[in-house]
$ cat query07.cif   # mmCIF, C-alpha atoms (C1' of nucleotides)
data_protein
#
loop_
_atom_site.label_atom_id
_atom_site.label_comp_id
_atom_site.auth_asym_id
_atom_site.auth_seq_id
_atom_site.Cartn_x
_atom_site.Cartn_y
_atom_site.Cartn_z
CA MET A 288 0.58 0.52 -21.00
CA GLU A 289 -1.80 0.67 -23.99
CA LEU A 290 -4.47 -1.19 -22.06
CA PHE A 291 -3.97 0.95 -18.98
CA ALA A 292 -4.12 4.14 -21.02
CA THR A 293 -7.46 3.24 -22.58
CA GLN A 294 -9.22 1.39 -19.74
CA GLY A 295 -7.37 2.47 -16.65
CA PHE A 296 -5.40 0.16 -14.38
CA ALA A 297 -8.20 -1.22 -12.26
CA ALA A 298 -10.42 -2.11 -15.21
CA THR A 299 -7.64 -4.04 -16.94
CA THR A 300 -7.44 -7.70 -15.96
CA VAL A 301 -4.32 -9.82 -15.83
CA PRO A 302 -5.71 -12.25 -18.44
CA GLU A 303 -6.08 -9.27 -20.77
CA ILE A 304 -2.49 -8.17 -20.23
CA ALA A 305 -1.22 -11.70 -20.66
CA ALA A 306 -3.22 -12.28 -23.84
CA ARG A 307 -1.97 -9.02 -25.33
CA ALA A 308 1.58 -10.13 -24.61
CA GLY A 309 0.90 -13.56 -26.09
CA LEU A 310 1.28 -15.36 -22.78
CA THR A 311 -0.92 -17.12 -20.29
CA THR A 312 -2.01 -15.67 -16.99
CA ARG A 313 0.17 -18.14 -15.15
CA THR A 314 3.25 -16.96 -17.01
CA PHE A 315 2.46 -13.35 -16.18
CA PHE A 316 2.65 -14.21 -12.51
CA ARG A 317 5.99 -15.91 -13.03
CA TYR A 318 7.44 -12.57 -14.10
CA PHE A 319 5.52 -10.23 -11.82
CA ALA A 320 4.68 -10.93 -8.20
CA ASP A 321 1.32 -9.24 -8.66
CA LYS A 322 -0.56 -7.00 -11.04
CA ARG A 323 0.82 -3.80 -9.53
CA GLU A 324 4.43 -4.81 -10.02
CA VAL A 325 4.04 -4.60 -13.77
CA ILE A 326 4.39 -0.83 -13.30
CA PHE A 327 7.17 -0.79 -10.73
CA ALA A 328 9.35 -3.77 -11.60
CA GLY A 329 13.02 -3.14 -12.14
CA ASP A 330 13.37 -0.07 -9.93
CA GLU A 331 17.10 0.44 -9.52
CA ILE A 332 17.09 3.54 -7.37
CA PRO A 333 17.47 1.81 -3.99
CA GLN A 334 20.58 0.04 -5.25
CA LEU A 335 21.90 3.29 -6.67
CA ALA A 336 21.47 4.87 -3.26
CA ARG A 337 23.33 2.03 -1.54
CA ASP A 338 26.16 2.21 -4.04
CA TYR A 339 26.45 5.96 -3.77
CA LEU A 340 26.58 5.95 0.02
CA ALA A 341 29.06 3.10 0.00
CA SER A 342 31.45 4.78 -2.42
CA ALA A 343 31.24 8.40 -1.24
CA PRO A 344 34.33 9.71 0.59
CA ALA A 345 34.29 9.62 4.37
CA GLY A 346 33.90 12.75 6.43
CA VAL A 347 31.35 14.49 4.23
CA ALA A 348 28.43 16.01 6.10
CA PRO A 349 25.51 13.57 5.67
CA MET A 350 23.03 16.21 4.54
CA ARG A 351 25.48 17.34 1.90
CA LEU A 352 25.78 13.73 0.80
CA ILE A 353 22.01 13.65 0.44
CA VAL A 354 21.70 16.74 -1.72
CA ASP A 355 24.68 15.65 -3.83
CA GLY A 356 23.41 12.10 -4.17
CA LEU A 357 19.90 13.14 -5.13
CA SER A 358 21.25 15.55 -7.74
CA ARG A 359 23.48 12.86 -9.16
CA VAL A 360 20.66 10.32 -9.47
CA ALA A 361 18.51 13.05 -10.98
CA ALA A 362 21.13 13.91 -13.55
CA GLU A 363 21.99 10.32 -14.39
CA ARG A 364 18.57 8.73 -14.55
CA PHE A 365 16.05 11.49 -15.09
CA ALA A 366 17.68 14.22 -17.15
CA GLY A 367 15.72 14.76 -20.36
CA ARG A 368 13.29 11.97 -19.51
CA ARG A 369 10.55 14.13 -18.05
CA GLN A 370 8.12 13.63 -20.94
CA GLU A 371 8.58 9.91 -20.59
CA VAL A 372 8.25 9.68 -16.81
CA ALA A 373 5.26 11.99 -16.42
CA PRO A 374 2.62 9.72 -18.04
CA VAL A 375 3.61 6.79 -15.88
CA ARG A 376 3.43 9.00 -12.84
CA ARG A 377 -0.02 10.19 -13.84
CA LEU A 378 -1.11 6.58 -14.19
CA VAL A 379 0.16 5.77 -10.71
CA LEU A 380 -1.48 8.79 -9.12
CA ALA A 381 -4.80 7.94 -10.78
CA ASP A 382 -5.15 4.54 -9.12
CA GLU A 383 -5.45 3.84 -5.43
CA GLN A 384 -3.72 0.46 -5.59
CA LEU A 385 -0.82 1.94 -7.51
CA ARG A 386 -0.47 4.86 -5.11
CA GLU A 387 -0.30 2.33 -2.32
CA ARG A 388 2.39 0.30 -4.05
CA ASP A 389 4.25 3.52 -4.77
CA ALA A 390 4.20 4.33 -1.07
CA ARG A 391 5.69 0.91 -0.36
CA LYS A 392 8.43 1.44 -2.92
CA ARG A 393 9.19 4.69 -1.21
CA ALA A 394 9.52 2.86 2.09
CA ASP A 395 11.90 0.42 0.41
CA LEU A 396 14.03 3.31 -0.78
CA THR A 397 14.04 4.80 2.69
CA ALA A 398 15.24 1.50 4.10
CA ALA A 399 18.04 1.38 1.53
CA VAL A 400 19.22 4.89 2.37
CA ARG A 401 19.03 4.21 6.10
CA ASP A 402 21.08 1.09 5.58
CA GLY A 403 23.60 3.05 3.54
CA PHE A 404 24.05 5.59 6.33
CA ASN A 405 24.31 2.84 8.92
CA ARG A 406 27.15 1.28 6.93
CA ARG A 407 28.91 4.62 7.01
CA GLY A 408 28.97 4.36 10.77
CA ILE A 409 26.13 6.75 11.48
CA PRO A 410 24.08 5.65 14.51
CA PRO A 411 20.67 4.13 13.74
CA SER A 412 18.50 6.92 15.08
CA GLU A 413 20.33 9.61 13.12
CA ALA A 414 20.46 7.39 10.03
CA ALA A 415 16.70 7.02 10.18
CA VAL A 416 16.15 10.77 10.33
CA LEU A 417 18.57 11.34 7.46
CA ALA A 418 17.03 8.63 5.30
CA GLU A 419 13.53 9.95 5.82
CA THR A 420 14.68 13.45 4.98
CA ALA A 421 16.47 12.30 1.85
CA VAL A 422 13.48 10.44 0.49
CA ALA A 423 11.12 13.24 1.47
CA LEU A 424 13.21 15.74 -0.50
CA TRP A 425 13.38 13.34 -3.40
CA HIS A 426 9.65 12.83 -3.62
CA VAL A 427 8.70 16.47 -3.24
CA ALA A 428 11.25 17.49 -5.84
CA LEU A 429 10.19 14.78 -8.27
CA GLU A 430 6.51 15.64 -7.95
CA GLN A 431 7.23 19.31 -8.43
CA TRP A 432 9.52 18.66 -11.38
CA LEU A 433 6.92 16.51 -13.10
CA SER A 434 4.10 18.99 -12.62
CA GLY A 435 6.11 22.08 -13.53
CA PRO A 436 7.45 23.44 -16.81
CA ASP A 437 9.78 21.39 -18.94
CA ASP A 438 12.81 23.66 -18.79
CA VAL A 439 13.63 23.39 -15.09
CA PRO A 440 16.25 20.70 -14.38
CA LEU A 441 15.46 18.29 -11.55
CA PRO A 442 18.67 19.09 -9.63
CA THR A 443 17.54 22.71 -9.47
CA VAL A 444 14.24 21.67 -7.92
CA ILE A 445 16.09 19.50 -5.42
CA ALA A 446 18.26 22.44 -4.40
CA GLU A 447 15.17 24.62 -3.98
CA CYS A 448 13.48 22.03 -1.79
CA TYR A 449 16.53 21.69 0.40
CA ALA A 450 16.75 25.47 0.68
CA GLN A 451 13.15 25.53 1.90
CA LEU A 452 13.84 22.84 4.46
CA ARG A 453 16.91 24.68 5.65
CA SER A 454 15.22 28.01 6.05
CA ALA A 455 12.31 26.38 7.89
CA VAL A 456 14.75 24.84 10.36
CA LEU A 457 16.75 28.04 10.76
CA GLU A 458 13.60 30.06 11.31
CA ALA A 459 12.37 27.70 14.03
CA GLY A 460 15.65 27.55 15.88
CA PRO A 461 16.57 24.87 18.41
CA VAL A 462 14.01 22.76 20.19
CA PRO A 463 12.81 24.33 23.46
CA PRO A 464 14.65 22.84 26.46
CA MET B 189 -6.42 -9.79 16.91
CA GLU B 190 -6.57 -13.23 18.53
CA LEU B 191 -6.61 -14.92 15.15
CA PHE B 192 -3.80 -12.72 13.84
CA ALA B 193 -1.71 -13.38 16.93
CA THR B 194 -1.93 -17.14 16.57
CA GLN B 195 -1.95 -17.59 12.79
CA GLY B 196 -0.52 -14.38 11.45
CA PHE B 197 -2.36 -11.92 9.26
CA ALA B 198 -1.86 -13.56 5.87
CA ALA B 199 -2.96 -17.00 7.05
CA THR B 200 -6.19 -15.67 8.53
CA THR B 201 -9.11 -15.56 6.09
CA VAL B 202 -11.94 -13.09 6.12
CA PRO B 203 -14.53 -15.86 6.61
CA GLU B 204 -12.61 -16.86 9.75
CA ILE B 205 -12.69 -13.32 11.09
CA ALA B 206 -16.34 -12.91 10.25
CA ALA B 207 -17.31 -16.22 11.84
CA ARG B 208 -15.42 -15.37 15.02
CA ALA B 209 -17.31 -12.09 15.17
CA GLY B 210 -20.62 -13.87 14.53
CA LEU B 211 -21.12 -12.26 11.15
CA THR B 212 -21.01 -13.27 7.51
CA THR B 213 -18.21 -12.44 5.14
CA ARG B 214 -20.46 -10.02 3.29
CA THR B 215 -21.11 -8.06 6.43
CA PHE B 216 -17.40 -7.84 7.17
CA PHE B 217 -16.91 -6.06 3.87
CA ARG B 218 -19.70 -3.66 4.71
CA TYR B 219 -17.67 -2.42 7.65
CA PHE B 220 -14.15 -2.69 6.22
CA ALA B 221 -13.19 -1.81 2.66
CA ASP B 222 -10.75 -4.72 2.63
CA LYS B 223 -9.03 -7.16 4.92
CA ARG B 224 -6.16 -4.79 5.73
CA GLU B 225 -8.43 -2.02 6.93
CA VAL B 226 -9.46 -4.10 9.92
CA ILE B 227 -6.15 -3.03 11.44
CA PHE B 228 -6.11 0.60 10.39
CA ALA B 229 -9.77 1.66 10.46
CA GLY B 230 -10.66 4.69 12.51
CA ASP B 231 -7.33 6.48 12.30
CA GLU B 232 -8.01 9.97 13.57
CA ILE B 233 -4.55 11.43 13.30
CA PRO B 234 -4.96 13.10 9.89
CA GLN B 235 -8.01 14.97 11.19
CA LEU B 236 -6.13 15.90 14.35
CA ALA B 237 -3.40 17.37 12.19
CA ARG B 238 -5.87 19.40 10.15
CA ASP B 239 -7.57 20.71 13.26
CA TYR B 240 -4.31 21.63 14.93
CA LEU B 241 -3.01 23.52 11.91
CA ALA B 242 -6.35 25.27 11.47
CA SER B 243 -6.56 26.42 15.08
CA ALA B 244 -2.92 27.33 15.77
CA PRO B 245 -2.19 31.08 16.02
CA ALA B 246 -0.89 32.81 12.93
CA GLY B 247 2.72 33.89 12.62
CA VAL B 248 4.29 30.89 14.30
CA ALA B 249 7.27 29.45 12.47
CA PRO B 250 5.99 26.36 10.58
CA MET B 251 8.71 24.05 11.85
CA ARG B 252 7.90 25.09 15.41
CA LEU B 253 4.27 24.31 14.67
CA ILE B 254 5.38 20.86 13.58
CA VAL B 255 7.37 20.01 16.68
CA ASP B 256 4.67 21.44 18.91
CA GLY B 257 1.89 19.66 17.06
CA LEU B 258 3.64 16.30 17.07
CA SER B 259 4.33 16.59 20.78
CA ARG B 260 0.73 17.45 21.45
CA VAL B 261 -0.63 14.50 19.49
CA ALA B 262 1.94 12.31 21.21
CA ALA B 263 0.86 13.49 24.64
CA GLU B 264 -2.87 13.33 23.93
CA ARG B 265 -3.14 10.06 22.07
CA PHE B 266 -0.07 7.99 22.91
CA ALA B 267 1.01 8.85 26.44
CA GLY B 268 1.01 5.70 28.56
CA ARG B 269 -0.30 3.59 25.69
CA ARG B 270 3.05 2.21 24.56
CA GLN B 271 2.39 -1.34 25.76
CA GLU B 272 -0.87 -1.32 23.88
CA VAL B 273 0.40 0.16 20.62
CA ALA B 274 3.57 -1.90 20.33
CA PRO B 275 1.92 -5.30 19.61
CA VAL B 276 -0.20 -3.84 16.83
CA ARG B 277 2.87 -2.22 15.36
CA ARG B 278 4.72 -5.54 15.48
CA LEU B 279 1.84 -7.19 13.66
CA VAL B 280 1.95 -4.55 10.94
CA LEU B 281 5.71 -4.79 10.51
CA ALA B 282 5.50 -8.58 10.25
CA ASP B 283 3.27 -8.60 7.18
CA GLU B 284 4.08 -7.21 3.78
CA GLN B 285 0.50 -6.27 2.92
CA LEU B 286 0.11 -4.43 6.21
CA ARG B 287 3.39 -2.57 5.77
CA GLU B 288 2.14 -1.47 2.39
CA ARG B 289 -1.15 -0.24 3.79
CA ASP B 290 0.75 1.49 6.55
CA ALA B 291 2.78 3.32 3.94
CA ARG B 292 -0.42 4.47 2.30
CA LYS B 293 -1.81 5.70 5.61
CA ARG B 294 1.37 7.64 6.04
CA ALA B 295 0.84 9.23 2.64
CA ASP B 296 -2.69 10.15 3.69
CA LEU B 297 -1.34 11.85 6.79
CA THR B 298 1.21 13.72 4.71
CA ALA B 299 -1.56 14.96 2.44
CA ALA B 300 -3.55 16.15 5.46
CA VAL B 301 -0.59 18.07 6.88
CA ARG B 302 0.23 19.59 3.48
CA ASP B 303 -3.36 20.67 3.17
CA GLY B 304 -3.25 22.18 6.64
CA PHE B 305 -0.21 24.26 5.78
CA ASN B 306 -1.76 25.32 2.48
CA ARG B 307 -4.78 26.61 4.35
CA ARG B 308 -2.44 28.67 6.50
CA GLY B 309 -1.35 30.46 3.36
CA ILE B 310 1.95 28.67 2.92
CA PRO B 311 2.78 28.17 -0.78
CA PRO B 312 2.34 24.61 -2.10
CA SER B 313 5.97 23.76 -2.64
CA GLU B 314 6.98 24.81 0.87
CA ALA B 315 3.91 23.15 2.34
CA ALA B 316 4.91 19.89 0.69
CA VAL B 317 8.42 20.03 2.16
CA LEU B 318 7.04 20.85 5.60
CA ALA B 319 4.44 18.09 5.50
CA GLU B 320 6.98 15.49 4.45
CA THR B 321 9.32 16.61 7.20
CA ALA B 322 6.59 16.51 9.82
CA VAL B 323 5.50 12.99 8.95
CA ALA B 324 9.10 11.82 8.65
CA LEU B 325 9.84 13.06 12.16
CA TRP B 326 6.65 11.47 13.42
CA HIS B 327 7.41 8.06 12.01
CA VAL B 328 11.02 7.94 13.08
CA ALA B 329 10.11 9.07 16.57
CA LEU B 330 7.24 6.61 16.86
CA GLU B 331 9.36 3.71 15.69
CA GLN B 332 12.13 4.62 18.07
CA TRP B 333 9.72 5.12 20.97
CA LEU B 334 8.11 1.73 20.38
CA SER B 335 11.41 -0.13 20.17
CA GLY B 336 13.07 1.62 23.09
CA PRO B 337 12.62 1.42 26.86
CA ASP B 338 9.27 2.16 28.44
CA ASP B 339 10.27 5.20 30.49
CA VAL B 340 11.08 7.62 27.66
CA PRO B 341 8.12 9.84 26.76
CA LEU B 342 7.31 10.14 23.06
CA PRO B 343 7.61 13.97 23.05
CA THR B 344 11.20 13.57 24.24
CA VAL B 345 11.97 11.29 21.30
CA ILE B 346 10.35 13.77 18.94
CA ALA B 347 12.54 16.57 20.29
CA GLU B 348 15.64 14.40 19.87
CA CYS B 349 14.75 13.59 16.29
CA TYR B 350 14.21 17.24 15.46
CA ALA B 351 17.52 18.11 17.09
CA GLN B 352 19.23 15.56 14.85
CA LEU B 353 17.58 16.99 11.77
CA ARG B 354 18.55 20.50 12.78
CA SER B 355 22.19 19.70 13.42
CA ALA B 356 22.42 17.81 10.14
CA VAL B 357 21.12 20.85 8.28
CA LEU B 358 23.37 23.25 10.21
CA GLU B 359 26.40 21.06 9.58
CA ALA B 360 25.74 20.93 5.84
CA GLY B 361 25.14 24.63 5.42
CA PRO B 362 23.41 26.24 2.45
CA VAL B 363 23.19 24.58 -0.93
CA PRO B 364 26.12 25.27 -3.24
CA PRO B 365 25.20 28.11 -5.66
"C1'" DA C 56 -53.05 -2.53 16.94
"C1'" DG C 57 -51.85 -2.06 12.21
"C1'" DT C 58 -49.09 -0.30 8.47
"C1'" DC C 59 -45.14 1.38 6.40
"C1'" DA C 60 -40.41 3.03 5.59
"C1'" DT C 61 -35.69 2.35 6.81
"C1'" DG C 62 -31.56 0.24 7.56
"C1'" DA C 63 -28.76 -3.72 8.83
"C1'" DT C 64 -27.80 -8.35 7.81
"C1'" DG C 65 -27.95 -12.91 5.45
"C1'" DA C 66 -27.80 -15.69 1.30
"C1'" DC C 67 -26.12 -16.46 -3.10
"C1'" DA C 68 -23.68 -15.92 -7.31
"C1'" DC C 69 -19.91 -14.21 -9.61
"C1'" DT C 70 -15.32 -12.17 -11.17
"C1'" DC C 71 -10.68 -11.64 -10.56
"C1'" DC C 72 -6.21 -12.26 -8.25
"C1'" DA C 73 -2.83 -15.40 -7.01
"C1'" DT C 74 -0.67 -19.98 -6.41
"C1'" DG C 75 0.31 -25.13 -6.47
"C1'" DT C 76 1.05 -28.90 -9.51
"C1'" DC C 77 1.90 -31.55 -13.38
"C1'" DA C 78 2.53 -31.96 -18.43
"C1'" DT C 79 4.83 -30.43 -22.61
"C1'" DG C 80 8.21 -28.91 -25.73
"C1'" DG C 81 12.35 -26.63 -27.24
"C1'" DA C 82 17.34 -25.44 -26.52
"C1'" DG C 83 21.52 -27.02 -25.48
"C1'" DT C 84 24.92 -31.01 -24.13
"C1'" DG C 85 27.31 -35.34 -24.10
"C1'" DC D 95 20.30 -39.78 -30.45
"C1'" DA D 96 19.24 -39.67 -25.82
"C1'" DC D 97 19.25 -36.68 -21.87
"C1'" DT D 98 18.81 -32.63 -18.89
"C1'" DC D 99 17.20 -28.16 -17.97
"C1'" DC D 100 14.16 -24.57 -18.12
"C1'" DA D 101 10.33 -21.84 -19.76
"C1'" DT D 102 5.72 -22.16 -20.65
"C1'" DG D 103 1.01 -24.12 -20.87
"C1'" DA D 104 -2.88 -26.36 -18.78
"C1'" DC D 105 -5.65 -27.17 -15.00
"C1'" DA D 106 -7.44 -26.86 -10.43
"C1'" DT D 107 -8.12 -24.35 -6.35
"C1'" DG D 108 -8.80 -20.95 -2.73
"C1'" DG D 109 -9.42 -16.50 -1.09
"C1'" DA D 110 -10.64 -11.40 -1.82
"C1'" DG D 111 -14.03 -8.42 -3.00
"C1'" DT D 112 -18.73 -6.99 -5.08
"C1'" DG D 113 -23.54 -6.88 -6.91
"C1'" DT D 114 -28.15 -8.19 -5.91
"C1'" DC D 115 -32.13 -9.61 -3.71
"C1'" DA D 116 -34.53 -11.43 0.40
"C1'" DT D 117 -35.34 -11.07 5.24
"C1'" DC D 118 -36.02 -9.08 9.57
"C1'" DA D 119 -35.93 -5.81 13.42
"C1'" DT D 120 -36.85 -1.12 14.63
"C1'" DG D 121 -39.33 2.87 15.03
"C1'" DA D 122 -42.61 6.37 13.22
"C1'" DC D 123 -47.09 7.45 11.90
"C1'" DT D 124 -52.14 6.73 11.65
#

$ encode --input "query07.cif" --output "structure tokens"
Amino acid sequence: MELFATQGFAATTVPEIAARAGLTTRTFFRYFADKREVIFAGDEIPQLARDYLASAPAGVAPMRLIVDGLSRVAAERFAGRRQEVAPVRRLVLADEQLRERDARKRADLTAAVRDGFNRRGIPPSEAAVLAETAVALWHVALEQWLSGPDDVPLPTVIAECYAQLRSAVLEAGPVPP
Amino acid sequence: MELFATQGFAATTVPEIAARAGLTTRTFFRYFADKREVIFAGDEIPQLARDYLASAPAGVAPMRLIVDGLSRVAAERFAGRRQEVAPVRRLVLADEQLRERDARKRADLTAAVRDGFNRRGIPPSEAAVLAETAVALWHVALEQWLSGPDDVPLPTVIAECYAQLRSAVLEAGPVPP
DNA sequence: AGTCATGATGACACTCCATGTCATGGAGTG
DNA sequence: CACTCCATGACATGGAGTGTCATCATGACT
């Protein structure tokens, strides 16, 4: 992180990182699949999503499960950590390769949520729509939370985003026949 | 595409591609920023989205704009081309690097749609939610269309996906206060 | 026809990422 | 004390991607 902060991600080589950590390049690649993973390794959110969807009571409306689940993850893993998450996020957004890897991680999370809904007996097509919606809400809320003032809790932002989605759907009405 | 079909994407080197095309490796990289772009280059959909949102009449409900716009792009650019798009999609889904690039292209499209809504005067936060929803619907519908039978038109799948989103939101109701 | 600018391509060298392979050494175990 | 196991180092290699200069075809202008 020190090297990235001073030189940027792209300009920092793996040998540099390894040397700073007192290791060889080869050992670096034994811990991280590639250079980008050094930022993203150890992401537990997909597993959290699976666990939450597996343990939630049956019969709850899926979209309610989503808003509840997002708020819970927000409260458990992000509350009070905004000042610590924001710099990493800035680093990711500043580099094309990292944005790309971030997009892949997002796809991984979507797959986890879709899988979680499938295991709850929701048919694949609907599960896909729900998973995409969940992750979309999550990302918009996170981005907004990180770029906004420090005194707004993430669950509040999530609720606002969902409210916007809901009103957009209500305003548009059903699909024309 | 011939090389990718027989060897897979990862096992095909840029010198191989260049030689098959009668060019040098250096020239390949003058046309494509990297090896992955050879699959994705020339994607016009983000620009289509911008144009559509710029030219659509004012006052239309944004979510209606989305469903209409997606159906239009589907009809204009994908109607009858399912047999031609599906193999490329399979190639992308079979390779990790290509899935990653695909995720980035999706993010690019999201940015274009968000921008389009912003230019229509929709506030940033709402525009972000709308853009994410639009691209989510698009991807789910496209995936479902490509994996399903050949006689279902893409606009129909889009309408079904939106209907699922709408009923999920209606079922869940407003956010708890 | 001759000259010149332009742009595309080839040729070459180079750095960095990523991986396969074997050697080494230290921590436990009997 | 020998032995196994595992992490790391050392080394070699190949492929991606880029900078730089030379070459050559094209077309405009005189």

$ closest_residue --input "query07.cif" --among "B:Thr321, B:Met189, B:Thr201, B:Gln195" --to "chain D" --atoms "all atoms listed in the file"
B:Thr201

$ atom_distance --input "query07.cif" --atom1 "CA of Asp222 (chain B)" --atom2 "C1' of DG75 (chain C)"
24.9 Å

$ atom_distance --input "query07.cif" --atom1 "CA of Leu286 (chain B)" --atom2 "CA of Val226 (chain B)"
10.3 Å

$ residues_around --input "query07.cif" --residues "DC115 (chain D)" --least-positions-apart "6" --cutoff "12 Å" --atoms "all atoms listed in the file" --output "VMD selection string"
chain C and resid 65 to 68

$ interface_residues --input "query07.cif" --of "chain A" --to "chain B" --cutoff "6 Å" --atoms "all atoms listed in the file" --output "JSON, numbers by chain"
{"A": [348, 350, 351, 387, 390, 391, 419, 423, 455, 459]}

$ closest_atom_pairs --input "query07.cif" --of "chain D" --to "chain A" --cutoff "12 Å" --atoms "all atoms listed in the file" --output "tab-separated table"
residue	atom	partner	partner_atom	distance
D:DA101	C1'	A:Thr314	CA	9.0
D:DT102	C1'	A:Thr314	CA	6.8
D:DG103	C1'	A:Thr311	CA	7.3
D:DA104	C1'	A:Arg313	CA	9.5
D:DC105	C1'	A:Arg313	CA	10.7

$ closest_atom_pairs --input "query07.cif" --of "chain C" --to "chain A" --cutoff "9 Å" --atoms "all atoms listed in the file" --output "JSON lines"
{"residue": "C:DC71", "atom": "C1'", "partner": "A:Thr300", "partner_atom": "CA", "distance": 7.4}
{"residue": "C:DC72", "atom": "C1'", "partner": "A:Asp321", "partner_atom": "CA", "distance": 8.1}
{"residue": "C:DA73", "atom": "C1'", "partner": "A:Asp321", "partner_atom": "CA", "distance": 7.6}
{"residue": "C:DT74", "atom": "C1'", "partner": "A:Arg313", "partner_atom": "CA", "distance": 9.0}

$ residues_around --input "query07.cif" --residues "Gly268 (chain B)" --least-positions-apart "3" --cutoff "10 Å" --atoms "only C-alpha atoms (C1' of nucleotides)" --output "list of chain:residue names"
B:Ala262, B:Ala263, B:Glu264, B:Arg265, B:Gln271, B:Glu272, B:Val273, B:Asp338, B:Asp339, B:Pro341, B:Leu342

$ resolve_selection --input "query07.cif" --expression "the PyMOL selection byres ((chain C and resi 81) around 10)" --output "number ranges by chain"
C: 79-80, 82-83; D: 100-101

$ resolve_selection --input "query07.cif" --expression "the PyMOL selection byres ((chain D and resi 98) around 9)" --output "MDAnalysis selection string"
(chainID C and resid 84) or (chainID D and resid 97 99)

$ resolve_selection --input "query07.cif" --expression "the PyMOL selection byres ((chain C and resi 56) around 12)" --output "CSV table (one decimal) with C-alpha atoms (C1' of nucleotides), keeping the file's coordinate frame"
chain,number,residue,atom,x,y,z
C,57,DG,C1',-51.8,-2.1,12.2
C,58,DT,C1',-49.1,-0.3,8.5
D,124,DT,C1',-52.1,6.7,11.6

$ atom_distance --input "query07.cif" --atom1 "CA of Ala343 (chain A)" --atom2 "CA of Leu357 (chain A)"
12.9 Å

$ residues_around --input "query07.cif" --residues "DA60 (chain C)" --least-positions-apart "5" --cutoff "12 Å" --atoms "all atoms listed in the file" --output "ChimeraX atom specification"
/D:120-123

$ residues_around --input "query07.cif" --residues "region 332-342 of chain A" --least-positions-apart "5" --cutoff "7 Å" --atoms "only C-alpha atoms (C1' of nucleotides)" --output "PyMOL selection string"
chain A and resi 356+396+399-400+403-404

$ axis_aligned_box --input "query07.cif" --around "region 282-285 of chain B" --padding-each-side "6 Å" --output "AutoDock Vina command-line options"
--center_x 3.0 --center_y -7.4 --center_z 6.6 --size_x 17.0 --size_y 14.3 --size_z 19.3

$ decode --input "query07.cif" --residues "region 67-77 of chain C" --atoms "N, CA, C and O atoms (P, O5', C5', C4', C3', O3' and C1' of nucleotides)" --output "compact mmCIF listing (two decimals), in the first residue's frame"
# COMPACT_ATOMS: atom_id res chain seq x y z
P DC C 67 15.43 -7.97 -37.56
O5' DC C 67 15.66 -7.32 -36.13
C5' DC C 67 16.05 -5.94 -36.05
C4' DC C 67 15.97 -5.46 -34.63
C3' DC C 67 16.29 -6.52 -33.57
O3' DC C 67 17.44 -6.12 -32.85
C1' DC C 67 14.38 -5.22 -32.98
P DA C 68 18.06 -7.03 -31.70
O5' DA C 68 17.75 -6.16 -30.40
C5' DA C 68 17.78 -4.74 -30.51
C4' DA C 68 17.20 -4.13 -29.25
C3' DA C 68 17.53 -4.90 -27.98
O3' DA C 68 17.91 -4.00 -26.96
C1' DA C 68 15.18 -4.66 -28.18
P DC C 69 18.53 -4.58 -25.56
O5' DC C 69 17.33 -4.32 -24.55
C5' DC C 69 16.60 -3.09 -24.63
C4' DC C 69 15.32 -3.20 -23.83
C3' DC C 69 15.45 -4.05 -22.57
O3' DC C 69 15.24 -3.24 -21.42
C1' DC C 69 13.45 -4.52 -23.78
P DT C 70 15.59 -3.85 -19.96
O5' DT C 70 14.16 -3.77 -19.27
C5' DT C 70 13.34 -2.63 -19.47
C4' DT C 70 11.94 -2.93 -19.00
C3' DT C 70 11.88 -3.69 -17.68
O3' DT C 70 10.98 -3.04 -16.81
C1' DT C 70 10.63 -4.83 -19.34
P DC C 71 10.90 -3.46 -15.25
O5' DC C 71 9.56 -4.32 -15.20
C5' DC C 71 8.37 -3.78 -15.76
C4' DC C 71 7.36 -4.89 -15.92
C3' DC C 71 7.22 -5.78 -14.68
O3' DC C 71 5.85 -5.80 -14.29
C1' DC C 71 7.48 -7.08 -16.66
P DC C 72 5.39 -6.51 -12.95
O5' DC C 72 4.51 -7.70 -13.53
C5' DC C 72 3.54 -7.42 -14.52
C4' DC C 72 2.99 -8.71 -15.10
C3' DC C 72 2.55 -9.73 -14.06
O3' DC C 72 1.30 -10.29 -14.47
C1' DC C 72 4.14 -10.71 -15.50
P DA C 73 0.36 -11.06 -13.41
O5' DA C 73 0.88 -12.55 -13.58
C5' DA C 73 0.70 -13.18 -14.85
C4' DA C 73 1.48 -14.46 -14.92
C3' DA C 73 1.33 -15.43 -13.73
O3' DA C 73 0.57 -16.53 -14.19
C1' DA C 73 3.55 -15.36 -14.57
P DT C 74 0.24 -17.77 -13.24
O5' DT C 74 1.41 -18.80 -13.59
C5' DT C 74 1.62 -19.15 -14.95
C4' DT C 74 2.76 -20.15 -15.06
C3' DT C 74 2.77 -21.27 -14.01
O3' DT C 74 2.95 -22.50 -14.69
C1' DT C 74 4.89 -20.27 -14.15
P DG C 75 2.62 -23.89 -13.93
O5' DG C 75 3.85 -24.81 -14.33
C5' DG C 75 4.44 -24.67 -15.63
C4' DG C 75 5.84 -25.26 -15.62
C3' DG C 75 6.03 -26.47 -14.71
O3' DG C 75 6.84 -27.43 -15.39
C1' DG C 75 7.56 -24.76 -14.09
P DT C 76 7.08 -28.88 -14.71
O5' DT C 76 8.49 -28.72 -14.01
C5' DT C 76 9.54 -28.06 -14.72
C4' DT C 76 10.79 -28.02 -13.87
C3' DT C 76 10.89 -29.15 -12.83
O3' DT C 76 12.19 -29.73 -12.90
C1' DT C 76 11.26 -27.05 -11.81
P DC C 77 12.43 -31.21 -12.22
O5' DC C 77 13.64 -30.91 -11.23
C5' DC C 77 14.75 -30.13 -11.71
C4' DC C 77 15.40 -29.39 -10.57
C3' DC C 77 15.73 -30.25 -9.35
O3' DC C 77 17.12 -30.12 -9.07
C1' DC C 77 14.68 -28.24 -8.71
